[in-house]
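Structure file data21.cif; described as mmCIF, N, CA, C and O atoms.
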data_my_file
loop_
_atom_site.label_atom_id
_atom_site.label_comp_id
_atom_site.auth_asym_id
_atom_site.auth_seq_id
_atom_site.Cartn_x
_atom_site.Cartn_y
_atom_site.Cartn_z
N MET Q 1 -17.70 6.16 -4.52
CA MET Q 1 -17.12 4.97 -5.09
C MET Q 1 -18.26 4.10 -5.61
O MET Q 1 -19.29 3.94 -4.97
N ASP Q 2 -18.06 3.53 -6.74
CA ASP Q 2 -19.03 2.63 -7.36
C ASP Q 2 -19.05 1.29 -6.62
O ASP Q 2 -18.01 0.80 -6.22
N PRO Q 3 -20.23 0.70 -6.43
CA PRO Q 3 -20.31 -0.58 -5.70
C PRO Q 3 -19.47 -1.69 -6.33
O PRO Q 3 -18.98 -2.58 -5.63
N SER Q 4 -19.24 -1.65 -7.63
CA SER Q 4 -18.45 -2.70 -8.28
C SER Q 4 -16.97 -2.64 -7.86
O SER Q 4 -16.25 -3.62 -8.03
N ALA Q 5 -16.54 -1.52 -7.28
CA ALA Q 5 -15.16 -1.39 -6.82
C ALA Q 5 -14.99 -1.91 -5.39
O ALA Q 5 -13.87 -1.93 -4.87
N LEU Q 6 -16.09 -2.31 -4.78
CA LEU Q 6 -16.06 -2.79 -3.40
C LEU Q 6 -16.31 -4.30 -3.34
O LEU Q 6 -16.93 -4.87 -4.24
N GLU Q 7 -15.84 -4.90 -2.26
CA GLU Q 7 -16.15 -6.31 -2.03
C GLU Q 7 -17.66 -6.43 -1.77
O GLU Q 7 -18.29 -5.48 -1.29
N PRO Q 8 -18.25 -7.58 -2.08
CA PRO Q 8 -19.68 -7.76 -1.81
C PRO Q 8 -20.01 -7.50 -0.33
O PRO Q 8 -19.21 -7.82 0.56
N LYS Q 9 -21.14 -6.89 -0.12
CA LYS Q 9 -21.66 -6.58 1.23
C LYS Q 9 -20.76 -5.64 2.02
O LYS Q 9 -20.73 -5.68 3.24
N THR Q 10 -20.01 -4.78 1.35
CA THR Q 10 -19.21 -3.76 2.03
C THR Q 10 -19.60 -2.38 1.52
O THR Q 10 -20.12 -2.23 0.43
N LEU Q 11 -19.34 -1.38 2.35
CA LEU Q 11 -19.67 -0.01 2.01
C LEU Q 11 -18.44 0.87 1.86
O LEU Q 11 -18.53 2.06 1.58
N GLY Q 12 -17.26 0.26 2.10
CA GLY Q 12 -16.03 1.01 1.98
C GLY Q 12 -14.84 0.07 2.05
O GLY Q 12 -14.98 -1.13 2.28
N ASN Q 13 -13.66 0.66 1.82
CA ASN Q 13 -12.43 -0.12 1.92
C ASN Q 13 -11.26 0.81 2.18
O ASN Q 13 -11.40 2.03 2.11
N ILE Q 14 -10.14 0.21 2.50
CA ILE Q 14 -8.91 0.98 2.70
C ILE Q 14 -7.75 0.21 2.11
O ILE Q 14 -7.70 -1.02 2.17
N HIS Q 15 -6.85 0.94 1.50
CA HIS Q 15 -5.60 0.38 0.97
C HIS Q 15 -4.48 1.24 1.53
O HIS Q 15 -4.52 2.46 1.42
N TRP Q 16 -3.50 0.58 2.14
CA TRP Q 16 -2.40 1.33 2.71
C TRP Q 16 -1.07 0.81 2.23
O TRP Q 16 -0.94 -0.32 1.80
N ASP Q 17 -0.09 1.71 2.30
CA ASP Q 17 1.29 1.39 1.96
C ASP Q 17 2.12 1.82 3.16
O ASP Q 17 2.35 3.02 3.37
N THR Q 18 2.51 0.85 3.97
CA THR Q 18 3.24 1.14 5.20
C THR Q 18 4.55 1.86 4.91
O THR Q 18 4.90 2.81 5.61
N ASP Q 19 5.25 1.42 3.88
CA ASP Q 19 6.55 2.03 3.57
C ASP Q 19 6.40 3.49 3.16
O ASP Q 19 7.18 4.34 3.59
N ALA Q 20 5.40 3.78 2.35
CA ALA Q 20 5.18 5.16 1.90
C ALA Q 20 4.38 5.99 2.91
O ALA Q 20 4.25 7.20 2.75
N ARG Q 21 3.85 5.31 3.93
CA ARG Q 21 3.03 5.96 4.95
C ARG Q 21 1.83 6.69 4.34
O ARG Q 21 1.54 7.84 4.65
N THR Q 22 1.15 5.99 3.43
CA THR Q 22 -0.05 6.54 2.79
C THR Q 22 -1.20 5.55 2.91
O THR Q 22 -0.98 4.34 3.07
N ALA Q 23 -2.39 6.07 2.82
CA ALA Q 23 -3.58 5.22 2.83
C ALA Q 23 -4.67 5.92 2.03
O ALA Q 23 -4.74 7.15 1.99
N THR Q 24 -5.51 5.12 1.40
CA THR Q 24 -6.65 5.63 0.65
C THR Q 24 -7.89 4.90 1.12
O THR Q 24 -7.93 3.67 1.13
N ILE Q 25 -8.89 5.68 1.51
CA ILE Q 25 -10.18 5.12 1.94
C ILE Q 25 -11.19 5.37 0.84
O ILE Q 25 -11.32 6.49 0.35
N GLY Q 26 -11.93 4.33 0.49
CA GLY Q 26 -13.02 4.46 -0.47
C GLY Q 26 -14.34 4.22 0.24
O GLY Q 26 -14.43 3.34 1.11
N VAL Q 27 -15.35 5.01 -0.09
CA VAL Q 27 -16.68 4.89 0.52
C VAL Q 27 -17.71 4.88 -0.60
O VAL Q 27 -17.57 5.60 -1.59
N LEU Q 28 -18.74 4.07 -0.41
CA LEU Q 28 -19.82 3.99 -1.38
C LEU Q 28 -20.33 5.39 -1.72
O LEU Q 28 -20.55 6.23 -0.83
N SER Q 29 -20.54 5.65 -2.98
CA SER Q 29 -21.02 6.96 -3.44
C SER Q 29 -22.43 7.25 -2.93
O SER Q 29 -23.25 6.33 -2.80
N THR Q 30 -22.70 8.51 -2.68
CA THR Q 30 -24.04 8.92 -2.23
C THR Q 30 -25.12 8.50 -3.23
O THR Q 30 -26.25 8.24 -2.86
N GLN Q 31 -24.76 8.44 -4.49
CA GLN Q 31 -25.72 8.06 -5.53
C GLN Q 31 -26.19 6.61 -5.39
O GLN Q 31 -27.22 6.24 -5.93
N ASN Q 32 -25.42 5.79 -4.69
CA ASN Q 32 -25.74 4.37 -4.56
C ASN Q 32 -26.35 4.00 -3.22
O ASN Q 32 -26.62 2.83 -2.97
N TYR Q 33 -26.56 4.98 -2.36
CA TYR Q 33 -27.21 4.73 -1.07
C TYR Q 33 -28.73 4.74 -1.25
O TYR Q 33 -29.25 5.52 -2.04
N GLN Q 34 -29.39 3.91 -0.48
CA GLN Q 34 -30.85 3.88 -0.50
C GLN Q 34 -31.40 4.28 0.87
O GLN Q 34 -32.49 3.87 1.24
N LEU Q 35 -30.63 5.07 1.62
CA LEU Q 35 -31.02 5.49 2.96
C LEU Q 35 -31.42 6.96 2.95
O LEU Q 35 -30.98 7.72 2.09
N PRO Q 36 -32.22 7.39 3.95
CA PRO Q 36 -32.47 8.83 4.11
C PRO Q 36 -31.14 9.57 4.33
O PRO Q 36 -30.15 8.98 4.77
N TYR Q 37 -31.15 10.85 4.06
CA TYR Q 37 -29.93 11.66 4.07
C TYR Q 37 -29.11 11.51 5.34
O TYR Q 37 -27.91 11.20 5.28
N GLN Q 38 -29.70 11.73 6.52
CA GLN Q 38 -28.94 11.67 7.77
C GLN Q 38 -28.44 10.26 8.05
O GLN Q 38 -27.30 10.07 8.49
N ALA Q 39 -29.24 9.26 7.76
CA ALA Q 39 -28.80 7.87 7.95
C ALA Q 39 -27.62 7.56 7.02
O ALA Q 39 -26.69 6.85 7.42
N MET Q 40 -27.65 8.10 5.82
CA MET Q 40 -26.56 7.90 4.88
C MET Q 40 -25.27 8.54 5.42
O MET Q 40 -24.20 7.91 5.41
N LEU Q 41 -25.36 9.78 5.92
CA LEU Q 41 -24.19 10.44 6.48
C LEU Q 41 -23.65 9.68 7.68
O LEU Q 41 -22.42 9.53 7.83
N ASP Q 42 -24.53 9.20 8.55
CA ASP Q 42 -24.11 8.42 9.72
C ASP Q 42 -23.40 7.14 9.28
O ASP Q 42 -22.38 6.75 9.86
N ASP Q 43 -23.92 6.49 8.26
CA ASP Q 43 -23.32 5.26 7.75
C ASP Q 43 -21.96 5.53 7.14
O ASP Q 43 -21.01 4.77 7.35
N MET Q 44 -21.85 6.60 6.40
CA MET Q 44 -20.56 6.97 5.80
C MET Q 44 -19.53 7.29 6.89
O MET Q 44 -18.37 6.88 6.80
N GLU Q 45 -19.96 8.00 7.92
CA GLU Q 45 -19.07 8.32 9.03
C GLU Q 45 -18.58 7.04 9.71
O GLU Q 45 -17.38 6.89 9.97
N PHE Q 46 -19.49 6.11 9.97
CA PHE Q 46 -19.11 4.84 10.57
C PHE Q 46 -18.11 4.10 9.68
O PHE Q 46 -17.11 3.56 10.16
N THR Q 47 -18.37 4.08 8.39
CA THR Q 47 -17.48 3.38 7.45
C THR Q 47 -16.08 3.97 7.48
O THR Q 47 -15.08 3.24 7.51
N ILE Q 48 -15.97 5.29 7.50
CA ILE Q 48 -14.66 5.93 7.53
C ILE Q 48 -13.93 5.62 8.83
O ILE Q 48 -12.73 5.27 8.82
N VAL Q 49 -14.62 5.72 9.97
CA VAL Q 49 -14.00 5.40 11.25
C VAL Q 49 -13.58 3.93 11.28
O VAL Q 49 -12.48 3.58 11.72
N HIS Q 50 -14.43 3.05 10.78
CA HIS Q 50 -14.14 1.61 10.69
C HIS Q 50 -12.84 1.40 9.92
O HIS Q 50 -11.95 0.66 10.37
N GLU Q 51 -12.70 2.03 8.78
CA GLU Q 51 -11.50 1.85 7.97
C GLU Q 51 -10.27 2.45 8.64
O GLU Q 51 -9.17 1.91 8.55
N LEU Q 52 -10.44 3.55 9.36
CA LEU Q 52 -9.31 4.14 10.09
C LEU Q 52 -8.85 3.22 11.22
O LEU Q 52 -7.65 3.14 11.51
N VAL Q 53 -9.79 2.52 11.86
CA VAL Q 53 -9.40 1.55 12.89
C VAL Q 53 -8.59 0.42 12.25
O VAL Q 53 -7.57 -0.01 12.81
N HIS Q 54 -9.02 -0.05 11.08
CA HIS Q 54 -8.22 -1.05 10.36
C HIS Q 54 -6.80 -0.54 10.15
O HIS Q 54 -5.82 -1.28 10.34
N LEU Q 55 -6.67 0.71 9.74
CA LEU Q 55 -5.35 1.29 9.51
C LEU Q 55 -4.54 1.31 10.79
O LEU Q 55 -3.35 0.98 10.79
N HIS Q 56 -5.17 1.68 11.88
CA HIS Q 56 -4.47 1.75 13.16
C HIS Q 56 -3.95 0.36 13.59
O HIS Q 56 -2.90 0.25 14.22
N LEU Q 57 -4.69 -0.68 13.21
CA LEU Q 57 -4.31 -2.05 13.58
C LEU Q 57 -3.47 -2.74 12.51
O LEU Q 57 -3.17 -3.93 12.62
N ALA Q 58 -3.06 -2.01 11.51
CA ALA Q 58 -2.38 -2.60 10.34
C ALA Q 58 -1.09 -3.35 10.69
O ALA Q 58 -0.70 -4.27 9.98
N SER Q 59 -0.46 -2.98 11.77
CA SER Q 59 0.81 -3.63 12.12
C SER Q 59 0.61 -4.99 12.80
O SER Q 59 1.58 -5.73 12.96
N LEU Q 60 -0.60 -5.31 13.19
CA LEU Q 60 -0.86 -6.60 13.82
C LEU Q 60 -0.84 -7.72 12.80
O LEU Q 60 -1.18 -7.51 11.63
N PRO Q 61 -0.46 -8.93 13.21
CA PRO Q 61 -0.49 -10.05 12.26
C PRO Q 61 -1.91 -10.36 11.83
O PRO Q 61 -2.84 -10.24 12.63
N ARG Q 62 -2.08 -10.74 10.56
CA ARG Q 62 -3.41 -11.02 10.01
C ARG Q 62 -3.38 -12.37 9.31
O ARG Q 62 -2.36 -12.77 8.75
N SER Q 63 -4.53 -13.02 9.33
CA SER Q 63 -4.68 -14.28 8.61
C SER Q 63 -6.14 -14.44 8.24
O SER Q 63 -7.01 -13.73 8.76
N ASP Q 64 -6.42 -15.38 7.36
CA ASP Q 64 -7.82 -15.65 7.01
C ASP Q 64 -8.60 -16.08 8.25
O ASP Q 64 -9.76 -15.73 8.41
N ALA Q 65 -7.94 -16.82 9.13
CA ALA Q 65 -8.59 -17.31 10.34
C ALA Q 65 -8.96 -16.17 11.29
O ALA Q 65 -9.97 -16.25 11.99
N SER Q 66 -8.16 -15.11 11.32
CA SER Q 66 -8.43 -14.00 12.26
C SER Q 66 -9.33 -12.93 11.67
O SER Q 66 -9.73 -12.00 12.37
N ARG Q 67 -9.67 -13.04 10.41
CA ARG Q 67 -10.43 -12.00 9.71
C ARG Q 67 -11.77 -11.68 10.38
O ARG Q 67 -12.11 -10.52 10.60
N ARG Q 68 -12.53 -12.71 10.72
CA ARG Q 68 -13.86 -12.51 11.32
C ARG Q 68 -13.74 -11.84 12.68
O ARG Q 68 -14.48 -10.91 13.00
N VAL Q 69 -12.77 -12.28 13.48
CA VAL Q 69 -12.56 -11.71 14.80
C VAL Q 69 -12.11 -10.26 14.68
O VAL Q 69 -12.56 -9.39 15.43
N GLU Q 70 -11.23 -10.00 13.71
CA GLU Q 70 -10.76 -8.64 13.50
C GLU Q 70 -11.92 -7.72 13.12
O GLU Q 70 -12.05 -6.61 13.64
N GLU Q 71 -12.76 -8.17 12.21
CA GLU Q 71 -13.91 -7.34 11.78
C GLU Q 71 -14.82 -7.02 12.96
O GLU Q 71 -15.29 -5.89 13.10
N HIS Q 72 -15.05 -8.01 13.82
CA HIS Q 72 -15.90 -7.77 15.00
C HIS Q 72 -15.25 -6.73 15.90
O HIS Q 72 -15.91 -5.79 16.36
N ALA Q 73 -13.95 -6.88 16.17
CA ALA Q 73 -13.24 -5.93 17.02
C ALA Q 73 -13.25 -4.53 16.42
O ALA Q 73 -13.49 -3.54 17.12
N VAL Q 74 -13.02 -4.44 15.12
CA VAL Q 74 -13.01 -3.14 14.44
C VAL Q 74 -14.38 -2.48 14.52
O VAL Q 74 -14.49 -1.28 14.80
N ASN Q 75 -15.43 -3.25 14.31
CA ASN Q 75 -16.79 -2.71 14.43
C ASN Q 75 -17.05 -2.17 15.83
O ASN Q 75 -17.62 -1.08 15.99
N GLU Q 76 -16.68 -2.94 16.84
CA GLU Q 76 -16.92 -2.52 18.23
C GLU Q 76 -16.11 -1.27 18.58
O GLU Q 76 -16.61 -0.35 19.23
N LEU Q 77 -14.87 -1.22 18.14
CA LEU Q 77 -14.05 -0.03 18.38
C LEU Q 77 -14.61 1.20 17.66
O LEU Q 77 -14.65 2.30 18.23
N ALA Q 78 -15.05 1.02 16.43
CA ALA Q 78 -15.63 2.15 15.67
C ALA Q 78 -16.89 2.66 16.37
O ALA Q 78 -17.08 3.88 16.51
N LYS Q 79 -17.74 1.75 16.82
CA LYS Q 79 -18.96 2.16 17.55
C LYS Q 79 -18.60 2.94 18.81
O LYS Q 79 -19.21 3.97 19.11
N ALA Q 80 -17.63 2.43 19.57
CA ALA Q 80 -17.22 3.08 20.80
C ALA Q 80 -16.65 4.48 20.52
O ALA Q 80 -16.99 5.45 21.23
N LEU Q 81 -15.80 4.61 19.53
CA LEU Q 81 -15.22 5.91 19.19
C LEU Q 81 -16.29 6.91 18.78
O LEU Q 81 -16.26 8.08 19.20
N LEU Q 82 -17.24 6.47 17.97
CA LEU Q 82 -18.30 7.38 17.54
C LEU Q 82 -19.21 7.76 18.71
O LEU Q 82 -19.65 8.91 18.81
N SER Q 83 -19.44 6.82 19.59
CA SER Q 83 -20.25 7.11 20.78
C SER Q 83 -19.57 8.15 21.66
O SER Q 83 -20.20 9.09 22.14
N LEU Q 84 -18.27 8.01 21.84
CA LEU Q 84 -17.51 8.99 22.64
C LEU Q 84 -17.50 10.35 21.98
O LEU Q 84 -17.58 11.38 22.64
N ALA Q 85 -17.40 10.38 20.67
CA ALA Q 85 -17.36 11.64 19.93
C ALA Q 85 -18.67 12.41 20.02
O ALA Q 85 -18.67 13.64 19.89
N LYS Q 86 -19.76 11.70 20.26
CA LYS Q 86 -21.08 12.36 20.28
C LYS Q 86 -21.50 12.78 21.68
O LYS Q 86 -22.61 13.25 21.86
N ARG Q 87 -20.63 12.60 22.65
CA ARG Q 87 -20.95 13.02 24.02
C ARG Q 87 -20.84 14.50 24.19
O ARG Q 87 -20.12 15.20 23.60
#
Reformat the file's structure so that it appears as structure tokens.
Amino acid sequence: MDPSALEPKTLGNIHWDTDARTATIGVLSTQNYQLPYQAMLDDMEFTIVHELVHLHLASLPRSDASRRVEEHAVNELAKALLSLAKR
């Protein structure tokens, strides 16, 4: 995905349609990463898990006020899931 298709300071996004039960995850293209190969793959993996956690929490109420707290929770859950997966 081209960086211009993403919000500033983000590496991915997700768009879902609850009624259709579909979701699309976008991740920054490998061409736009400035990290070594393995670090890039690790970052992409984290981004995908992060977006999947957002999808899992999609039914919860959201507001501009809760956005920062939600992002923190999603980051912590994604880290925990990846840590468990690497055991």
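Atom O of Leu11 of chain Q lies 5.0 Å from atom C of Leu28 of chain Q.
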Fewer than 3 positions away in the same chain doesn't count, so skip those; otherwise give me all residues within 7 Å of segment 77-80 of chain Q, counting all atoms listed in the file, as an NGL selection string. :Q and (46 or 49-50 or 53 or 71-74 or 83-86)
Strand (DSSP E or B) call set, DSSP backbone run, chain Q, as a PyMOL selection string: chain Q and resi 12-17+22-27
For those residues, write N, CA, C and O atoms to a file as a PDB file, in the frame of the given file.
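Saved result, part-v5.pdb, follows:
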ATOM      1  N   GLY Q  12     -17.260   0.260   2.100  1.00  0.00           N
ATOM      2  CA  GLY Q  12     -16.030   1.010   1.980  1.00  0.00           C
ATOM      3  C   GLY Q  12     -14.840   0.070   2.050  1.00  0.00           C
ATOM      4  O   GLY Q  12     -14.980  -1.130   2.280  1.00  0.00           O
ATOM      5  N   ASN Q  13     -13.660   0.660   1.820  1.00  0.00           N
ATOM      6  CA  ASN Q  13     -12.430  -0.120   1.920  1.00  0.00           C
ATOM      7  C   ASN Q  13     -11.260   0.810   2.180  1.00  0.00           C
ATOM      8  O   ASN Q  13     -11.400   2.030   2.110  1.00  0.00           O
ATOM      9  N   ILE Q  14     -10.140   0.210   2.500  1.00  0.00           N
ATOM     10  CA  ILE Q  14      -8.910   0.980   2.700  1.00  0.00           C
ATOM     11  C   ILE Q  14      -7.750   0.210   2.110  1.00  0.00           C
ATOM     12  O   ILE Q  14      -7.700  -1.020   2.170  1.00  0.00           O
ATOM     13  N   HIS Q  15      -6.850   0.940   1.500  1.00  0.00           N
ATOM     14  CA  HIS Q  15      -5.600   0.380   0.970  1.00  0.00           C
ATOM     15  C   HIS Q  15      -4.480   1.240   1.530  1.00  0.00           C
ATOM     16  O   HIS Q  15      -4.520   2.460   1.420  1.00  0.00           O
ATOM     17  N   TRP Q  16      -3.500   0.580   2.140  1.00  0.00           N
ATOM     18  CA  TRP Q  16      -2.400   1.330   2.710  1.00  0.00           C
ATOM     19  C   TRP Q  16      -1.070   0.810   2.230  1.00  0.00           C
ATOM     20  O   TRP Q  16      -0.940  -0.320   1.800  1.00  0.00           O
ATOM     21  N   ASP Q  17      -0.090   1.710   2.300  1.00  0.00           N
ATOM     22  CA  ASP Q  17       1.290   1.390   1.960  1.00  0.00           C
ATOM     23  C   ASP Q  17       2.120   1.820   3.160  1.00  0.00           C
ATOM     24  O   ASP Q  17       2.350   3.020   3.370  1.00  0.00           O
ATOM     25  N   THR Q  22       1.150   5.990   3.430  1.00  0.00           N
ATOM     26  CA  THR Q  22      -0.050   6.540   2.790  1.00  0.00           C
ATOM     27  C   THR Q  22      -1.200   5.550   2.910  1.00  0.00           C
ATOM     28  O   THR Q  22      -0.980   4.340   3.070  1.00  0.00           O
ATOM     29  N   ALA Q  23      -2.390   6.070   2.820  1.00  0.00           N
ATOM     30  CA  ALA Q  23      -3.580   5.220   2.830  1.00  0.00           C
ATOM     31  C   ALA Q  23      -4.670   5.920   2.030  1.00  0.00           C
ATOM     32  O   ALA Q  23      -4.740   7.150   1.990  1.00  0.00           O
ATOM     33  N   THR Q  24      -5.510   5.120   1.400  1.00  0.00           N
ATOM     34  CA  THR Q  24      -6.650   5.630   0.650  1.00  0.00           C
ATOM     35  C   THR Q  24      -7.890   4.900   1.120  1.00  0.00           C
ATOM     36  O   THR Q  24      -7.930   3.670   1.130  1.00  0.00           O
ATOM     37  N   ILE Q  25      -8.890   5.680   1.510  1.00  0.00           N
ATOM     38  CA  ILE Q  25     -10.180   5.120   1.940  1.00  0.00           C
ATOM     39  C   ILE Q  25     -11.190   5.370   0.840  1.00  0.00           C
ATOM     40  O   ILE Q  25     -11.320   6.490   0.350  1.00  0.00           O
ATOM     41  N   GLY Q  26     -11.930   4.330   0.490  1.00  0.00           N
ATOM     42  CA  GLY Q  26     -13.020   4.460  -0.470  1.00  0.00           C
ATOM     43  C   GLY Q  26     -14.340   4.220   0.240  1.00  0.00           C
ATOM     44  O   GLY Q  26     -14.430   3.340   1.110  1.00  0.00           O
ATOM     45  N   VAL Q  27     -15.350   5.010  -0.090  1.00  0.00           N
ATOM     46  CA  VAL Q  27     -16.680   4.890   0.520  1.00  0.00           C
ATOM     47  C   VAL Q  27     -17.710   4.880  -0.600  1.00  0.00           C
ATOM     48  O   VAL Q  27     -17.570   5.600  -1.590  1.00  0.00           O
TER      49      VAL Q  27
END
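Going from atom CA of His15 of chain Q to atom CA of Tyr37 of chain Q covers 27.0 Å.
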Taking the DSSP secondary structure from the backbone, can you list the residues of segment 7-81 of chain Q that are helix (DSSP H, G or I), as an MDAnalysis selection string? chainID Q and resid 30:32 37:56 67:81
Could you list, as a short mmCIF file (atom, residue, chain, number, x, y, z; two decimals) with N, CA, C and O atoms, in the frame of the given file, every residue matched by the PyMOL selection byres (((chain Q and resi 44 and name CA) around 10) and name CA) in this structure?
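Dumped everything to out08.cif:
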data_model
loop_
_atom_site.label_atom_id
_atom_site.label_comp_id
_atom_site.auth_asym_id
_atom_site.auth_seq_id
_atom_site.Cartn_x
_atom_site.Cartn_y
_atom_site.Cartn_z
N LEU Q 11 -19.34 -1.38 2.35
CA LEU Q 11 -19.67 -0.01 2.01
C LEU Q 11 -18.44 0.87 1.86
O LEU Q 11 -18.53 2.06 1.58
N GLY Q 12 -17.26 0.26 2.10
CA GLY Q 12 -16.03 1.01 1.98
C GLY Q 12 -14.84 0.07 2.05
O GLY Q 12 -14.98 -1.13 2.28
N VAL Q 27 -15.35 5.01 -0.09
CA VAL Q 27 -16.68 4.89 0.52
C VAL Q 27 -17.71 4.88 -0.60
O VAL Q 27 -17.57 5.60 -1.59
N LEU Q 28 -18.74 4.07 -0.41
CA LEU Q 28 -19.82 3.99 -1.38
C LEU Q 28 -20.33 5.39 -1.72
O LEU Q 28 -20.55 6.23 -0.83
N SER Q 29 -20.54 5.65 -2.98
CA SER Q 29 -21.02 6.96 -3.44
C SER Q 29 -22.43 7.25 -2.93
O SER Q 29 -23.25 6.33 -2.80
N THR Q 30 -22.70 8.51 -2.68
CA THR Q 30 -24.04 8.92 -2.23
C THR Q 30 -25.12 8.50 -3.23
O THR Q 30 -26.25 8.24 -2.86
N TYR Q 33 -26.56 4.98 -2.36
CA TYR Q 33 -27.21 4.73 -1.07
C TYR Q 33 -28.73 4.74 -1.25
O TYR Q 33 -29.25 5.52 -2.04
N GLN Q 38 -29.70 11.73 6.52
CA GLN Q 38 -28.94 11.67 7.77
C GLN Q 38 -28.44 10.26 8.05
O GLN Q 38 -27.30 10.07 8.49
N ALA Q 39 -29.24 9.26 7.76
CA ALA Q 39 -28.80 7.87 7.95
C ALA Q 39 -27.62 7.56 7.02
O ALA Q 39 -26.69 6.85 7.42
N MET Q 40 -27.65 8.10 5.82
CA MET Q 40 -26.56 7.90 4.88
C MET Q 40 -25.27 8.54 5.42
O MET Q 40 -24.20 7.91 5.41
N LEU Q 41 -25.36 9.78 5.92
CA LEU Q 41 -24.19 10.44 6.48
C LEU Q 41 -23.65 9.68 7.68
O LEU Q 41 -22.42 9.53 7.83
N ASP Q 42 -24.53 9.20 8.55
CA ASP Q 42 -24.11 8.42 9.72
C ASP Q 42 -23.40 7.14 9.28
O ASP Q 42 -22.38 6.75 9.86
N ASP Q 43 -23.92 6.49 8.26
CA ASP Q 43 -23.32 5.26 7.75
C ASP Q 43 -21.96 5.53 7.14
O ASP Q 43 -21.01 4.77 7.35
N GLU Q 45 -19.96 8.00 7.92
CA GLU Q 45 -19.07 8.32 9.03
C GLU Q 45 -18.58 7.04 9.71
O GLU Q 45 -17.38 6.89 9.97
N PHE Q 46 -19.49 6.11 9.97
CA PHE Q 46 -19.11 4.84 10.57
C PHE Q 46 -18.11 4.10 9.68
O PHE Q 46 -17.11 3.56 10.16
N THR Q 47 -18.37 4.08 8.39
CA THR Q 47 -17.48 3.38 7.45
C THR Q 47 -16.08 3.97 7.48
O THR Q 47 -15.08 3.24 7.51
N ILE Q 48 -15.97 5.29 7.50
CA ILE Q 48 -14.66 5.93 7.53
C ILE Q 48 -13.93 5.62 8.83
O ILE Q 48 -12.73 5.27 8.82
N VAL Q 49 -14.62 5.72 9.97
CA VAL Q 49 -14.00 5.40 11.25
C VAL Q 49 -13.58 3.93 11.28
O VAL Q 49 -12.48 3.58 11.72
N HIS Q 50 -14.43 3.05 10.78
CA HIS Q 50 -14.14 1.61 10.69
C HIS Q 50 -12.84 1.40 9.92
O HIS Q 50 -11.95 0.66 10.37
#
Test item: residues at most 10 Å from Thr18 of chain Q, only C-alpha atoms, excluding those fewer than 2 positions along its chain, as a PyMOL selection string: chain Q and resi 15-16+20-23+55+58-59
As an exercise, work out the distance from atom C of Leu52 of chain Q to atom O of Val69 of chain Q in Å and give it to one decimal place. 13.8 Å
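In this comparison, which uses only N, CA, C and O atoms, the residue of Q:His54, Q:Leu82, Q:Ile14, Q:Ser4 approaching Glu70 of chain Q most closely is Q:His54.
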Segment 2-6 of chain Q dumped to file, all heavy atoms, as a short mmCIF file (atom, residue, chain, number, x, y, z; two decimals), in the first residue's frame:
data_model
loop_
_atom_site.label_atom_id
_atom_site.label_comp_id
_atom_site.auth_asym_id
_atom_site.auth_seq_id
_atom_site.Cartn_x
_atom_site.Cartn_y
_atom_site.Cartn_z
N ASP Q 2 0.52 2.20 -0.76
CA ASP Q 2 1.24 3.46 -0.85
C ASP Q 2 1.01 4.29 0.42
O ASP Q 2 -0.10 4.31 0.94
CB ASP Q 2 0.75 4.23 -2.08
CG ASP Q 2 1.58 5.45 -2.35
OD1 ASP Q 2 2.65 5.31 -2.95
OD2 ASP Q 2 1.14 6.55 -1.94
N PRO Q 3 2.04 4.97 0.93
CA PRO Q 3 1.87 5.77 2.15
C PRO Q 3 0.78 6.83 2.04
O PRO Q 3 0.15 7.18 3.05
CB PRO Q 3 3.23 6.44 2.36
CG PRO Q 3 4.18 5.74 1.48
CD PRO Q 3 3.40 5.04 0.42
N SER Q 4 0.51 7.34 0.86
CA SER Q 4 -0.53 8.36 0.71
C SER Q 4 -1.93 7.81 0.98
O SER Q 4 -2.86 8.57 1.23
CB SER Q 4 -0.47 8.98 -0.69
OG SER Q 4 -0.77 8.02 -1.67
N ALA Q 5 -2.08 6.49 0.96
CA ALA Q 5 -3.37 5.87 1.23
C ALA Q 5 -3.59 5.63 2.73
O ALA Q 5 -4.66 5.17 3.13
CB ALA Q 5 -3.49 4.55 0.48
N LEU Q 6 -2.57 5.93 3.52
CA LEU Q 6 -2.64 5.72 4.96
C LEU Q 6 -2.72 7.05 5.71
O LEU Q 6 -2.28 8.08 5.20
CB LEU Q 6 -1.39 4.96 5.44
CG LEU Q 6 -1.20 3.56 4.89
CD1 LEU Q 6 0.19 3.04 5.23
CD2 LEU Q 6 -2.28 2.64 5.43
#
